[in-house]
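Working notes, beginning with the structure itself.
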Amino acid sequence: MARSTQLQDPRKLYPTPPFPKQPQQMPGLARKREPAPDHGEESYRGSGKLEGCKALVTGGDSGIGRAAAIAFAREGADVAISYLPEEEADAKQVITLIEAEGRKAVALPGDIQQEAWCREMVEKAVADLGGLDILVVNAGRQQYREKIGELSTEDFDRTMKTNLYALHWIAQAAVRTFRRVPPSSPRHRSRLISLRRSSSTTQRQRPGSSPTPRRSPSN
């Protein structure tokens, strides 16, 4: 978004609904959405607030996770992003944006429903980044069903493993890394952040599809 010294009505700066229906098979790709979601690619300007930090962002290929990864890199952090292998195309764009800031980018494709991968993912992030100061647990799964009777045990199990179990597994592995940093170290400012998208984004979503995009500065 071009900068201007004149006052502008923020309600008119971005595309507004109604947007065209554009269902995708889960998990869906941001790059196929119209209008393209704004993650701060053109607008966010950093000021070195995270200089020298190392961050891991789950679900860093799109939405809030993508916006966080871009912002962290522009604030001076090296960033690792995790995502599903099916989201590789979106993830490559984020990796490119991180590296464009002169920061190290680490790609970690895998399924966080698997405990072993959650723990391995943290280990890989720590090894490749040279440490870990910030953990953003953002990846989440939502599956809309018209009636409760249509919600299968598999739906429920996959949602719980993605949104709750993975949060525990990843945080547990990361905290052990945080605790190995002595108080005298400049890295003794570790942060764990848990984010979840609002369920309103999937209202009226058909089974097996990803939601129609809703435009906002961060998603």
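A note on labels: chains of the structure tokens are A, B, ... as shown, every chain counts residues from 1, and ligands are counted from 1 in their shown order.
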
For A:Glu120, please output as a short mmCIF file (atom, residue, chain, number, x, y, z; two decimals) with C-alpha atoms, in the first residue's frame all residues within 10 Å (counting only C-alpha atoms; exclusion window: fewer than 4 positions along the same chain).
data_model
loop_
_atom_site.label_atom_id
_atom_site.label_comp_id
_atom_site.auth_asym_id
_atom_site.auth_seq_id
_atom_site.Cartn_x
_atom_site.Cartn_y
_atom_site.Cartn_z
CA LEU A 108 9.56 -27.23 8.40
CA GLY A 110 5.00 -31.78 8.53
CA GLU A 115 3.57 -36.05 18.56
CA ALA A 116 6.91 -37.28 17.23
CA LYS A 124 15.13 -28.90 13.96
CA ALA A 125 14.19 -25.25 14.50
CA VAL A 126 16.62 -24.94 17.41
CA ILE A 170 5.27 -28.15 20.90
CA ALA A 173 9.55 -29.26 23.78
#

**Report entry** Shell of 7 Å around A:Arg74, only C-alpha atoms, local chain residues under 6 positions omitted, as a list in words
**Finding:** Arg45, Gly46 and Glu101 of chain A

Let's have the selection written as a tab-separated table (two decimals), in the first residue's frame, with N, CA and C atoms.
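again.tsv was written with the following content:
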chain	number	residue	atom	x	y	z
A	45	ARG	N	6.60	-2.22	8.10
A	45	ARG	CA	7.97	-1.72	8.20
A	45	ARG	C	8.50	-2.02	9.60
A	46	GLY	N	9.63	-2.70	9.67
A	46	GLY	CA	10.22	-3.05	10.96
A	46	GLY	C	11.12	-1.97	11.51
A	101	GLU	N	14.79	-10.03	3.75
A	101	GLU	CA	15.16	-9.10	4.83
A	101	GLU	C	16.56	-9.38	5.36

Query raised in the report: Within 12 Å of A:Leu84, counting only C-alpha atoms, which residues qualify if same-chain residues fewer than 4 places away don't, as a ChimeraX atom specification?
Result: /A:26-29,58-62,88-91,107-114,117,139-141,162

Neighbouring residues of A:Lys104 were defined as those with any atom within 12 Å, considering only C-alpha atoms; residues of the same chain fewer than 6 positions away were excluded. Please report them as a PDB file with C-alpha atoms, in the first residue's frame.
ATOM      1  CA  GLY A  52      19.182 -11.267  16.977  1.00  0.00           C
ATOM      2  CA  CYS A  53      16.146 -13.293  18.080  1.00  0.00           C
ATOM      3  CA  LYS A  54      15.157 -16.735  16.802  1.00  0.00           C
ATOM      4  CA  ALA A  55      11.471 -17.507  16.213  1.00  0.00           C
ATOM      5  CA  LEU A  56       9.359 -20.540  15.333  1.00  0.00           C
ATOM      6  CA  ALA A  69       6.669 -14.472  10.291  1.00  0.00           C
ATOM      7  CA  ILE A  70       7.006 -11.492   7.956  1.00  0.00           C
ATOM      8  CA  PHE A  72       9.400 -10.921  12.902  1.00  0.00           C
ATOM      9  CA  ALA A  73      11.861 -11.002   9.996  1.00  0.00           C
ATOM     10  CA  ARG A  74      11.446  -7.280   9.402  1.00  0.00           C
ATOM     11  CA  GLY A  76      15.396  -8.503  12.804  1.00  0.00           C
ATOM     12  CA  ALA A  77      14.614 -12.116  13.784  1.00  0.00           C
ATOM     13  CA  ASP A  78      15.577 -15.349  12.059  1.00  0.00           C
ATOM     14  CA  VAL A  79      12.387 -17.337  11.491  1.00  0.00           C
ATOM     15  CA  ALA A  80      11.384 -20.984  11.102  1.00  0.00           C
ATOM     16  CA  ILE A  81       7.872 -21.748   9.832  1.00  0.00           C
ATOM     17  CA  VAL A  94       7.096 -16.691   3.009  1.00  0.00           C
ATOM     18  CA  ILE A  95      10.618 -18.147   2.982  1.00  0.00           C
ATOM     19  CA  THR A  96      11.507 -15.778   0.137  1.00  0.00           C
ATOM     20  CA  LEU A  97      10.115 -12.791   2.044  1.00  0.00           C
ATOM     21  CA  ILE A  98      12.090 -13.678   5.186  1.00  0.00           C
ATOM     22  CA  ALA A 125      14.188 -25.254  14.504  1.00  0.00           C
ATOM     23  CA  ASP A 128      18.944 -24.701  12.245  1.00  0.00           C
ATOM     24  CA  LEU A 129      18.338 -21.319  13.871  1.00  0.00           C
ATOM     25  CA  GLY A 130      20.966 -21.725  16.565  1.00  0.00           C
TER      26      GLY A 130
END

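If you look at atom CA of A:Ser47 and atom CA of A:Ile134, they are 17.4 Å away from each other.
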